[in-house]
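Structure, as C-alpha cells:
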Amino acid sequence: MIGSALATLSLAAPLDGWAAPLADVPDAVFSGRMMGDGIAIDPTGNRVVAPCDGQIVHLHHARHAVTLRSLFGAEILIHVGLETVALHGRGFTLHVTEGQSVKAGDPLVSFDLDLVGREAKSLITPIIVTNGDEFLIESRIENRAVAAGEPLMTLRRLTQQSSTAGSGPQPEAERKVVVPLAHGIHARPAARLADLVKSHDAELTVIWGERRANAKSPVALMGLGIVKGGEITLSARGREAGTLVMAMAELIESGMGESEAGHPAGEAPPAPAHADWIEPGLLGGVRAAPGLALGVAVRLSAAEIAVAEEGHGPVHEAALLSDALAAVRARLTLAAQGHGPQAAIMAAHLAFLEDPELTEAARATIGLGKSAAYAWRSAIGSQIAVLRTLSDPRFVERIADLSDLERQVLVALGCAPAEQAAPLPEGAILLAEDLLPSQLVGLDPARLAGIATSRGGPTSHVAILAASMGIPALVACGTLLDTVEEGVRLLLDADRGCLRIDPSAEASAEAQGRIAERATARTAAQATAHRACHTRDGVRIEVAANLGSVGDAEKAVAAGAEGCGLLRTEFLFLERDTPPDEAEQAEVYGAIARILGDRPLVIRTLDIGGDKPAAYLPIPEEENPALGLRGVRVSLWKPDLLEIQLRAILKSVPAAQCRIMLPMIASLSEFRQAKALLDRVKGDLNFAGPIQLGIMVETPAAAVTADILAAEADFLSVGTNDLSQYTLAMDRGNSSVAAQIDALHPAVLRLIAQAAKGGAQHERWTGVCGGLASDLAAVPILIGLGVRELSATANQIADIKALVGSMTLKECEALARRALASSSAAEVRALAAGGQV
C-alpha cells in the first residue's frame, strides 16, 4: 500500500514464517547487506506472494529468486533459501513471467518445502530492497511469526534523490560482459568502476549469479568475488543508463591495465598459518621487502577497542559518525597528497572511507538504536566477512586496510585515545600477527630494523610500505612466530625468507659484518653518486633513471641520475576515461625537463595495448594481445594520438635535451611511418632543429636486424622485460611460467649483444632501460656486451655507479664472453656471484 503523498510504501510478508533480522542469515552476502537492506523469513509455508503491487522485472533461471519493482519504484528481491541455485529449478514452480504486472497477494512462486529443506543450505528467505540508495526502511517486523499478507516493512523514499528517481518511467539499459581482468574485480578496478558510475546520471547494479551490488560501492563490488572469465550483467536505470552501461562495459572489457603478474619472480606464495620450523631455531616466511637485519624482538599488539552497543538516539549518533568520518577523511586527504607508495595507500583508504555502502550500512544500524561505534564496527565487520569467503589472496589482504579504517574511525569517535607510535629500542625487529598500514607509518624508521608477521601477504599495503622505507620484512611466518619471546635476539634474512631465533655469536658476527659492508658501500656510493660514471679504465657509461611521474624526476636527480633513459608517458594516459590533451601533456613533459636541467630526457611515446589497455581506446578483442596491437602499432593505428603527443613534446622540451623513443619496433617500415609523422609535425610547428628519434629493442626481430634499424634510428635501447618473454616464449603475466623468466638467460644476452653490435656498426649508442639495468649482477655483463647506457630505478643509481667504477672494460668483456657460453640463466648468475669480474 502506498502512503500519503507517495511518501511511504508498505510491504506485506510474501510468505508464512518467522521474521528475522538479516544479520541472522548464515550468508555474509545477505547478512552484510551487500545486496541491500531488508529482512529474512524462515518459511513455514510453501508459497511466495507479491508483497505489493508492481511488475516482475527479473526471474532467475533456477526459479528460486524473483525481483519485483513496485509502482513506487522500490525494487524487491525475494530469494527463497540459500544456495538454492544449485537445485537448478528442482522443487520450484513459477506462477509469473518477466514483465508481468501483479497485485499484492498474487502468487509468484511455490516450492517443495521438504525437498528444498533437505537439499539446500537453508530455507531462510531474504527479502531485500536492492535500490536502497533511494529508499529507507522506516520500520520492520522482526523476531516473531508472520503470515503472508501481514505488514512486514515500511519504506520511505529518501528526500535527497538523484534525478534518476523521478516519478515517471526511467530509461533502462542492460548488457552482459565477460570479465577479462586477470584477478577479477578487486580493490583497484572496483574503485575505478565506482568512480565511473558517479559521473553519470543513472544507477547501475552489477549482477553475478545470485549476487548483486550497487556499482557505486567499491567494497560491495569486491564482495561479489567476481573472477576472471565470469559473465556479469550490468543493469542501469536513469537518464544516462545507456551511456553508462556502454562506458562500463568498454572499461571492463579493456582489461583496465590489469596484468596477471603474481608474486615476484622466484618467490613462493604465502606460507600457511601452520608453517613449521625449517630447522630448530629457524623459522620460514615469505619475503615482503628485501634486506638483512639483526636486532631484538619487539612484539606489537593492538588492544581491542570496546564499544557500547546501544546509542543515545539516532540523530545524536548519526551526527557523531559524521564528525568522526570527516576527521578521518581530512587526515587521509592530507596524507594522500604527494607521491610514493604511502600517498597511494592513503588514497586507497580514503576511497574505502567514502564507500557509500559502508556509510549506509552504518546509518541503517544507527536507525535501529545502536551507537555510532557499534554501527561502524558492524558495517566494517560485514564487509570483512565477505572478503574472508573469497579465495584470491589479494582480496583477503585488503582486510587489514578495512580493520585499519575501523580503528581510525573508532578513535575519532572517542572510543579509545589517539594511538601514539610505540617507543622502539634501537634495532627493533617488530613481531606481530599482522600490521596495519597506519601503525607502520607511525613508527620511527630509524629504530626499526625489520618486520616479521605471522599473517599477511607479499602484495599487502604493509609490504609495499616496508619496501619503500627500506625495511626488511617477512610475512606469513605462521603461528609459530607467536612463540618467539620478546627481547630475544633475531636475525632476519628477508632475501632468503627466514628468521633465525637467538643466533649464535658466529652467525651474529657474520651478519653484522654483511650489514656493515652493505652500509659502508652504500654510503660511499651515495657520496660519489653525482659524479659522471666511468669504468676504472675510463670508459664512459651513462647511468640514467626510469621515470613515471614528476615526483620520480625529483628523486632521480637527488639520487645522482645523469638523465632519464625512459619516461613512461602512459602514466598520463591510463586510469582515465579520455586521453590527455596537448596542453596537459606539454605541462608535464616541460616540468620534468626543467627538473632534469640540462640532462637528457628520453621520452617513450605512448606504449599501451596488451597488458596496458586504455578505457577510451577499445582495442578489438585479440586472442593473444601480447602479439597484437601494442606499442607503436597502436600509435600507427590511431595516429592522431601520436601526433598530439609529438606536438606536446616538441613544444615543451628543448631540442638539445629531447630524445624520442618508439616502443615495440619490429621493422624498419614501422620506424619510417612514425618518423614521417614526426617530420610532418615538425613542419607544422616550424621546428628547425634536429631531434633524436630512437627505438626500443623489445622483440627478437629488432635485435636480429639492429644493424638495419640503426642505419636510420639515432639510438637503440633494449627493453629486457618484453625481450625476455618474447625470446623465451613465456608470458610474464602468466603465473605458471613467470618465475622461470630471467633476462640473464644466454639467449636473451646473445640478442642484446647482437643489438649492441648492430648499433656500433653505425656509431649509435645502445642502452638498456628494462629491469635488467637495475640488476647489479647483470651490470658488468651488459657493459661487456657493448651497452653504454643503463637506465635504472632511482634507488639503484648510486650502487650501479660504484660498481661500474670498480671494474675495467676488459674485465667486463671477459665475463660477458663466459656468460654467452653458459647454458642457463642460473649458470650466468652463479658466474656473476662468483666474483669473476
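Residues in the C-alpha cells are named by chain (A, B, ... in the order shown) and by number from 1 within that chain; ligands are numbered from 1 in the order shown.
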
Give the strand (DSSP E) residues of segment 15-236 of chain A, as DSSP finds them on the backbone, and put them as number ranges by chain. A: 17-20, 37-43, 47-49, 54-59, 65-70, 75-79, 92-94, 101-102, 107-111, 125-129, 135-140, 144-146, 151-157, 172-178, 203-208, 211-214, 231-236

With a cut-off of 12 Å, could you pull out the residues of segment 748-775 of chain A touching segment 556-576 of chain A and give me the nearest pair of atoms for each, distance in Å to one decimal, using only C-alpha atoms, ordered by chain and ascending number, as a tab-separated table?
residue	atom	partner	partner_atom	distance
A:Thr766	CA	A:Gly565	CA	11.1
A:Gly767	CA	A:Gly565	CA	8.2
A:Val768	CA	A:Gly565	CA	8.4
A:Cys769	CA	A:Leu566	CA	6.4
A:Gly770	CA	A:Leu566	CA	9.0
A:Gly771	CA	A:Leu566	CA	11.6
A:Ala773	CA	A:Gly565	CA	10.7

What parts of segment 517-760 of chain A does DSSP call alpha helix (DSSP H)? I'd like the answer as number ranges by chain. A: 517-527, 550-559, 582-596, 632-637, 639-652, 668-684, 700-704, 706-709, 720-728, 746-760

Please report the interatomic distance between atom CA of Asp679 of chain A and atom CA of Val704 of chain A in Å with one decimal. 27.0 Å

What does the distance between atom CA of Ala545 of chain A and atom CA of Leu790 of chain A come to in Å, to one decimal place? 8.0 Å

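Near segment 105-108 of chain A, within 9 Å and counting only C-alpha atoms, sit Ala12, Pro14, Arg47, Val48, Val49, Ala50, Pro51, Cys52, Asp53, Val66, Thr93, Leu94, His95, Val96, Thr97, Ala148 and Gly149 of chain A, not including residues fewer than 4 positions from it in the same chain.
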
Now that the selection is made, can you save its residues with N, CA, C and O atoms as a short mmCIF file (atom, residue, chain, number, x, y, z; two decimals), in the first residue's frame?
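Full text of out.cif as output:
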data_model
loop_
_atom_site.label_atom_id
_atom_site.label_comp_id
_atom_site.auth_asym_id
_atom_site.auth_seq_id
_atom_site.Cartn_x
_atom_site.Cartn_y
_atom_site.Cartn_z
N ALA A 12 4.06 -6.13 2.37
CA ALA A 12 3.49 -7.24 3.13
C ALA A 12 4.45 -8.42 3.11
O ALA A 12 5.29 -8.55 2.21
N PRO A 14 5.77 -11.81 2.14
CA PRO A 14 5.47 -12.58 0.94
C PRO A 14 5.25 -14.07 1.20
O PRO A 14 4.88 -14.80 0.27
N ARG A 47 4.49 -21.12 -0.35
CA ARG A 47 4.05 -20.26 -1.45
C ARG A 47 4.51 -18.83 -1.21
O ARG A 47 4.36 -18.29 -0.10
N VAL A 48 5.11 -18.21 -2.25
CA VAL A 48 5.56 -16.82 -2.20
C VAL A 48 4.56 -15.97 -2.97
O VAL A 48 4.21 -16.29 -4.12
N VAL A 49 4.09 -14.89 -2.34
CA VAL A 49 3.13 -13.99 -2.99
C VAL A 49 3.75 -12.60 -3.11
O VAL A 49 4.73 -12.27 -2.43
N ALA A 50 3.13 -11.78 -3.96
CA ALA A 50 3.64 -10.43 -4.16
C ALA A 50 3.44 -9.59 -2.90
O ALA A 50 2.33 -9.57 -2.34
N PRO A 51 4.50 -8.89 -2.44
CA PRO A 51 4.38 -8.07 -1.23
C PRO A 51 3.70 -6.73 -1.48
O PRO A 51 3.36 -6.02 -0.54
N CYS A 52 3.48 -6.38 -2.75
CA CYS A 52 2.85 -5.10 -3.11
C CYS A 52 2.49 -5.16 -4.58
O CYS A 52 2.83 -6.11 -5.29
N ASP A 53 1.81 -4.14 -5.05
CA ASP A 53 1.53 -4.03 -6.47
C ASP A 53 2.82 -3.70 -7.21
O ASP A 53 3.67 -2.96 -6.69
N VAL A 66 13.00 -13.98 -7.27
CA VAL A 66 12.12 -13.09 -8.03
C VAL A 66 12.41 -11.65 -7.62
O VAL A 66 12.55 -11.35 -6.43
N THR A 93 8.16 -23.92 -8.71
CA THR A 93 7.19 -23.69 -9.78
C THR A 93 6.90 -22.20 -9.87
O THR A 93 6.50 -21.58 -8.87
N LEU A 94 7.12 -21.62 -11.03
CA LEU A 94 6.83 -20.20 -11.23
C LEU A 94 5.37 -20.00 -11.63
O LEU A 94 4.83 -20.80 -12.40
N HIS A 95 4.77 -18.91 -11.13
CA HIS A 95 3.39 -18.57 -11.48
C HIS A 95 3.30 -17.24 -12.22
O HIS A 95 2.20 -16.76 -12.50
N VAL A 96 4.48 -16.65 -12.55
CA VAL A 96 4.50 -15.36 -13.25
C VAL A 96 5.59 -15.42 -14.31
O VAL A 96 6.41 -16.33 -14.34
N THR A 97 5.60 -14.39 -15.16
CA THR A 97 6.65 -14.24 -16.17
C THR A 97 7.26 -12.85 -16.05
O THR A 97 6.65 -11.93 -15.48
N ALA A 148 1.66 -14.59 5.42
CA ALA A 148 1.67 -13.92 4.13
C ALA A 148 0.55 -12.90 4.06
O ALA A 148 -0.59 -13.20 4.41
N GLY A 149 0.88 -11.69 3.64
CA GLY A 149 -0.10 -10.61 3.55
C GLY A 149 -0.07 -9.67 4.73
O GLY A 149 -0.60 -8.55 4.65
#

Residue neighbourhood Glu406 of chain A, 8 Å, only C-alpha atoms, exclusion window fewer than 6 positions, as an MDAnalysis selection string: chainID A and resid 376:377 380

File dump, residues just selected, N, CA and C atoms, as a tab-separated table (two decimals), in the first residue's frame:
chain	number	residue	atom	x	y	z
A	376	TRP	N	29.47	1.35	13.08
A	376	TRP	CA	30.63	1.38	12.18
A	376	TRP	C	31.36	0.04	12.22
A	377	ARG	N	31.55	-0.50	13.42
A	377	ARG	CA	32.20	-1.80	13.53
A	377	ARG	C	31.38	-2.88	12.83
A	380	ILE	N	31.85	-2.48	8.97
A	380	ILE	CA	33.17	-2.97	8.55
A	380	ILE	C	33.25	-4.48	8.68

Give me the residues within 9 Å of Val804 of chain A as an MDAnalysis selection string, counting only C-alpha atoms and dropping any in the same chain fewer than 5 places off. chainID A and resid 533:536 541 779:780 783 799

Exercise: Ala583 of chain A partners within 12 Å, only C-alpha atoms, chain neighbours under 3 positions left out, as a ChimeraX atom specification: /A:579-580,586-590,644-652

Residues of the last selection are to be written out with N, CA, C and O atoms, as a PDB file, in the first residue's frame.
ATOM      1  N   PRO A 579      41.768  10.610 -23.273  1.00  0.00           N
ATOM      2  CA  PRO A 579      43.221  10.829 -23.329  1.00  0.00           C
ATOM      3  C   PRO A 579      43.562  12.264 -22.948  1.00  0.00           C
ATOM      4  O   PRO A 579      42.733  13.178 -23.092  1.00  0.00           O
ATOM      5  N   PRO A 580      44.781  12.511 -22.459  1.00  0.00           N
ATOM      6  CA  PRO A 580      45.190  13.877 -22.119  1.00  0.00           C
ATOM      7  C   PRO A 580      45.343  14.719 -23.386  1.00  0.00           C
ATOM      8  O   PRO A 580      45.778  14.208 -24.427  1.00  0.00           O
ATOM      9  N   ALA A 586      52.027  18.682 -22.486  1.00  0.00           N
ATOM     10  CA  ALA A 586      53.146  19.620 -22.570  1.00  0.00           C
ATOM     11  C   ALA A 586      53.540  20.148 -21.189  1.00  0.00           C
ATOM     12  O   ALA A 586      54.732  20.309 -20.888  1.00  0.00           O
ATOM     13  N   GLU A 587      52.565  20.385 -20.344  1.00  0.00           N
ATOM     14  CA  GLU A 587      52.855  20.879 -18.998  1.00  0.00           C
ATOM     15  C   GLU A 587      53.695  19.875 -18.211  1.00  0.00           C
ATOM     16  O   GLU A 587      54.666  20.242 -17.538  1.00  0.00           O
ATOM     17  N   VAL A 588      53.337  18.590 -18.310  1.00  0.00           N
ATOM     18  CA  VAL A 588      54.063  17.563 -17.565  1.00  0.00           C
ATOM     19  C   VAL A 588      55.449  17.338 -18.151  1.00  0.00           C
ATOM     20  O   VAL A 588      56.446  17.273 -17.415  1.00  0.00           O
ATOM     21  N   TYR A 589      55.558  17.197 -19.476  1.00  0.00           N
ATOM     22  CA  TYR A 589      56.866  16.979 -20.088  1.00  0.00           C
ATOM     23  C   TYR A 589      57.802  18.159 -19.787  1.00  0.00           C
ATOM     24  O   TYR A 589      58.988  17.966 -19.491  1.00  0.00           O
ATOM     25  N   GLY A 590      57.259  19.369 -19.858  1.00  0.00           N
ATOM     26  CA  GLY A 590      58.067  20.549 -19.579  1.00  0.00           C
ATOM     27  C   GLY A 590      58.545  20.591 -18.139  1.00  0.00           C
ATOM     28  O   GLY A 590      59.691  20.951 -17.850  1.00  0.00           O
ATOM     29  N   ILE A 644      49.336  14.307 -31.473  1.00  0.00           N
ATOM     30  CA  ILE A 644      49.159  15.224 -30.333  1.00  0.00           C
ATOM     31  C   ILE A 644      50.322  15.090 -29.370  1.00  0.00           C
ATOM     32  O   ILE A 644      50.833  16.092 -28.844  1.00  0.00           O
ATOM     33  N   GLN A 645      50.774  13.857 -29.121  1.00  0.00           N
ATOM     34  CA  GLN A 645      51.881  13.664 -28.190  1.00  0.00           C
ATOM     35  C   GLN A 645      53.171  14.278 -28.719  1.00  0.00           C
ATOM     36  O   GLN A 645      53.912  14.932 -27.976  1.00  0.00           O
ATOM     37  N   LEU A 646      53.441  14.091 -29.996  1.00  0.00           N
ATOM     38  CA  LEU A 646      54.656  14.665 -30.582  1.00  0.00           C
ATOM     39  C   LEU A 646      54.623  16.190 -30.526  1.00  0.00           C
ATOM     40  O   LEU A 646      55.655  16.834 -30.238  1.00  0.00           O
ATOM     41  N   ARG A 647      53.482  16.782 -30.790  1.00  0.00           N
ATOM     42  CA  ARG A 647      53.364  18.240 -30.704  1.00  0.00           C
ATOM     43  C   ARG A 647      53.665  18.708 -29.275  1.00  0.00           C
ATOM     44  O   ARG A 647      54.370  19.703 -29.076  1.00  0.00           O
ATOM     45  N   ALA A 648      53.119  17.999 -28.298  1.00  0.00           N
ATOM     46  CA  ALA A 648      53.347  18.376 -26.901  1.00  0.00           C
ATOM     47  C   ALA A 648      54.820  18.268 -26.534  1.00  0.00           C
ATOM     48  O   ALA A 648      55.366  19.134 -25.830  1.00  0.00           O
ATOM     49  N   ILE A 649      55.487  17.220 -27.007  1.00  0.00           N
ATOM     50  CA  ILE A 649      56.910  17.041 -26.701  1.00  0.00           C
ATOM     51  C   ILE A 649      57.739  18.152 -27.326  1.00  0.00           C
ATOM     52  O   ILE A 649      58.586  18.779 -26.658  1.00  0.00           O
ATOM     53  N   LEU A 650      57.529  18.422 -28.602  1.00  0.00           N
ATOM     54  CA  LEU A 650      58.331  19.425 -29.306  1.00  0.00           C
ATOM     55  C   LEU A 650      58.114  20.826 -28.750  1.00  0.00           C
ATOM     56  O   LEU A 650      59.027  21.656 -28.762  1.00  0.00           O
ATOM     57  N   LYS A 651      56.906  21.095 -28.245  1.00  0.00           N
ATOM     58  CA  LYS A 651      56.617  22.419 -27.697  1.00  0.00           C
ATOM     59  C   LYS A 651      57.187  22.626 -26.295  1.00  0.00           C
ATOM     60  O   LYS A 651      57.376  23.769 -25.874  1.00  0.00           O
ATOM     61  N   SER A 652      57.458  21.552 -25.578  1.00  0.00           N
ATOM     62  CA  SER A 652      57.782  21.709 -24.153  1.00  0.00           C
ATOM     63  C   SER A 652      59.193  21.309 -23.760  1.00  0.00           C
ATOM     64  O   SER A 652      59.674  21.706 -22.701  1.00  0.00           O
TER      65      SER A 652
END

For Leu693 of chain A, find every residue with an atom within 10 Å (counting only C-alpha atoms), except residues of its own chain fewer than 6 positions away, and show them as a ChimeraX atom specification. /A:602-604,658-662,671,674-675,678,712-716

Requested write-out: all heavy atoms of the selected residues, as a short mmCIF file (atom, residue, chain, number, x, y, z; two decimals), in the first residue's frame:
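The new file out_5.cif reads:
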data_model
loop_
_atom_site.label_atom_id
_atom_site.label_comp_id
_atom_site.auth_asym_id
_atom_site.auth_seq_id
_atom_site.Cartn_x
_atom_site.Cartn_y
_atom_site.Cartn_z
N VAL A 602 64.82 11.06 -22.40
CA VAL A 602 64.34 10.12 -23.42
C VAL A 602 62.86 9.85 -23.13
O VAL A 602 62.51 9.25 -22.12
CB VAL A 602 65.13 8.79 -23.39
CG1 VAL A 602 64.56 7.83 -24.44
CG2 VAL A 602 66.60 9.05 -23.65
N ILE A 603 62.01 10.30 -24.05
CA ILE A 603 60.57 10.18 -23.87
C ILE A 603 60.05 9.05 -24.77
O ILE A 603 60.16 9.13 -25.99
CB ILE A 603 59.84 11.48 -24.22
CG1 ILE A 603 60.37 12.64 -23.37
CG2 ILE A 603 58.33 11.32 -24.02
CD1 ILE A 603 59.76 13.98 -23.71
N ARG A 604 59.52 8.00 -24.13
CA ARG A 604 58.92 6.93 -24.92
C ARG A 604 57.50 7.33 -25.30
O ARG A 604 56.72 7.74 -24.45
CB ARG A 604 58.90 5.63 -24.11
CG ARG A 604 58.28 4.46 -24.89
CD ARG A 604 58.40 3.15 -24.14
NE ARG A 604 57.54 3.10 -22.95
CZ ARG A 604 57.57 2.11 -22.06
NH1 ARG A 604 58.42 1.11 -22.22
NH2 ARG A 604 56.77 2.13 -21.02
N CYS A 658 66.07 16.78 -25.80
CA CYS A 658 64.99 15.86 -26.16
C CYS A 658 65.46 14.68 -26.99
O CYS A 658 66.20 14.83 -27.96
CB CYS A 658 63.92 16.63 -26.93
SG CYS A 658 62.48 15.65 -27.34
N ARG A 659 65.01 13.50 -26.59
CA ARG A 659 65.17 12.28 -27.38
C ARG A 659 63.81 11.57 -27.35
O ARG A 659 63.25 11.37 -26.28
CB ARG A 659 66.25 11.38 -26.81
CG ARG A 659 67.68 11.93 -26.99
CD ARG A 659 68.52 11.61 -25.79
NE ARG A 659 69.89 12.03 -25.90
CZ ARG A 659 70.34 13.28 -25.81
NH1 ARG A 659 69.47 14.27 -25.65
NH2 ARG A 659 71.61 13.57 -25.90
N ILE A 660 63.33 11.16 -28.49
CA ILE A 660 62.04 10.48 -28.59
C ILE A 660 62.30 9.01 -28.93
O ILE A 660 63.11 8.70 -29.80
CB ILE A 660 61.15 11.13 -29.66
CG1 ILE A 660 60.86 12.59 -29.28
CG2 ILE A 660 59.83 10.36 -29.82
CD1 ILE A 660 60.10 13.38 -30.35
N MET A 661 61.61 8.11 -28.22
CA MET A 661 61.84 6.68 -28.40
C MET A 661 60.53 5.97 -28.72
O MET A 661 59.52 6.18 -28.05
CB MET A 661 62.46 6.10 -27.12
CG MET A 661 62.80 4.62 -27.19
SD MET A 661 63.96 4.11 -25.90
CE MET A 661 62.96 4.36 -24.42
N LEU A 662 60.56 5.13 -29.75
CA LEU A 662 59.39 4.40 -30.21
C LEU A 662 59.38 2.99 -29.61
O LEU A 662 60.37 2.27 -29.74
CB LEU A 662 59.38 4.32 -31.74
CG LEU A 662 59.42 5.66 -32.48
CD1 LEU A 662 59.64 5.42 -33.97
CD2 LEU A 662 58.14 6.45 -32.24
N PHE A 671 59.26 2.07 -38.17
CA PHE A 671 60.05 3.24 -37.81
C PHE A 671 59.85 4.37 -38.81
O PHE A 671 59.67 5.53 -38.43
CB PHE A 671 61.53 2.86 -37.74
CG PHE A 671 62.43 4.02 -37.44
CD1 PHE A 671 62.64 4.45 -36.14
CD2 PHE A 671 63.07 4.71 -38.47
CE1 PHE A 671 63.46 5.54 -35.86
CE2 PHE A 671 63.89 5.79 -38.22
CZ PHE A 671 64.09 6.20 -36.90
N ALA A 674 56.49 6.24 -38.42
CA ALA A 674 56.49 7.14 -37.27
C ALA A 674 57.37 8.37 -37.53
O ALA A 674 57.02 9.49 -37.15
CB ALA A 674 56.97 6.40 -36.02
N LYS A 675 58.51 8.15 -38.17
CA LYS A 675 59.40 9.27 -38.46
C LYS A 675 58.75 10.25 -39.43
O LYS A 675 58.91 11.48 -39.31
CB LYS A 675 60.72 8.77 -39.04
CG LYS A 675 61.78 9.87 -39.19
CD LYS A 675 63.10 9.31 -39.68
CE LYS A 675 64.18 10.41 -39.67
NZ LYS A 675 63.84 11.59 -40.49
N LEU A 678 56.55 12.41 -37.43
CA LEU A 678 57.34 13.39 -36.67
C LEU A 678 57.80 14.53 -37.58
O LEU A 678 57.72 15.71 -37.21
CB LEU A 678 58.55 12.70 -36.04
CG LEU A 678 59.56 13.63 -35.35
CD1 LEU A 678 58.91 14.36 -34.18
CD2 LEU A 678 60.78 12.82 -34.87
N GLU A 712 69.08 4.01 -39.62
CA GLU A 712 68.19 5.18 -39.67
C GLU A 712 67.80 5.70 -38.28
O GLU A 712 67.53 6.88 -38.11
CB GLU A 712 66.94 4.82 -40.48
CG GLU A 712 67.26 4.44 -41.92
CD GLU A 712 66.02 4.24 -42.78
OE1 GLU A 712 64.96 4.83 -42.47
OE2 GLU A 712 66.12 3.50 -43.78
N ALA A 713 67.75 4.81 -37.28
CA ALA A 713 67.42 5.25 -35.92
C ALA A 713 68.64 5.90 -35.28
O ALA A 713 69.78 5.53 -35.56
CB ALA A 713 66.97 4.06 -35.09
N ASP A 714 68.42 6.87 -34.41
CA ASP A 714 69.52 7.60 -33.78
C ASP A 714 70.11 6.88 -32.58
O ASP A 714 71.23 7.16 -32.16
CB ASP A 714 69.05 9.00 -33.37
CG ASP A 714 68.70 9.86 -34.56
OD1 ASP A 714 69.53 9.94 -35.48
OD2 ASP A 714 67.60 10.44 -34.57
N PHE A 715 69.36 5.98 -31.94
CA PHE A 715 69.86 5.20 -30.81
C PHE A 715 68.98 3.99 -30.60
O PHE A 715 67.85 3.92 -31.11
CB PHE A 715 69.93 6.06 -29.53
CG PHE A 715 68.59 6.57 -29.06
CD1 PHE A 715 67.79 5.82 -28.19
CD2 PHE A 715 68.12 7.82 -29.46
CE1 PHE A 715 66.55 6.29 -27.76
CE2 PHE A 715 66.88 8.29 -29.04
CZ PHE A 715 66.10 7.53 -28.19
N LEU A 716 69.50 3.03 -29.86
CA LEU A 716 68.77 1.81 -29.51
C LEU A 716 68.75 1.67 -28.00
O LEU A 716 69.75 1.90 -27.33
CB LEU A 716 69.44 0.58 -30.12
CG LEU A 716 69.87 0.61 -31.59
CD1 LEU A 716 70.58 -0.67 -31.96
CD2 LEU A 716 68.67 0.82 -32.49
#

Rank A:Thr705, A:Thr453, A:Gln170, A:Asn686 by their smallest atom-to-atom distance to Gln754 of chain A, using only C-alpha atoms, and report the top residue only.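 Of the candidates, the smallest distance to Gln754 of chain A is held by A:Thr705.
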
Distance criterion (only C-alpha atoms): nearest to Arg531 of chain A out of A:Ile797, A:Leu113, A:Leu443, A:Ala364: A:Ile797

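Comparing A:Val328, A:Ala385, A:Ile515, A:Leu776 by their smallest distance to Leu410 of chain A, the closest is A:Val328 (using only C-alpha atoms).
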
So what do you get for atom CA of Val653 of chain A versus atom CA of Phe687 of chain A, distance-wise?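 Pair atom CA of Val653 of chain A / atom CA of Phe687 of chain A returns 12.0 Å.
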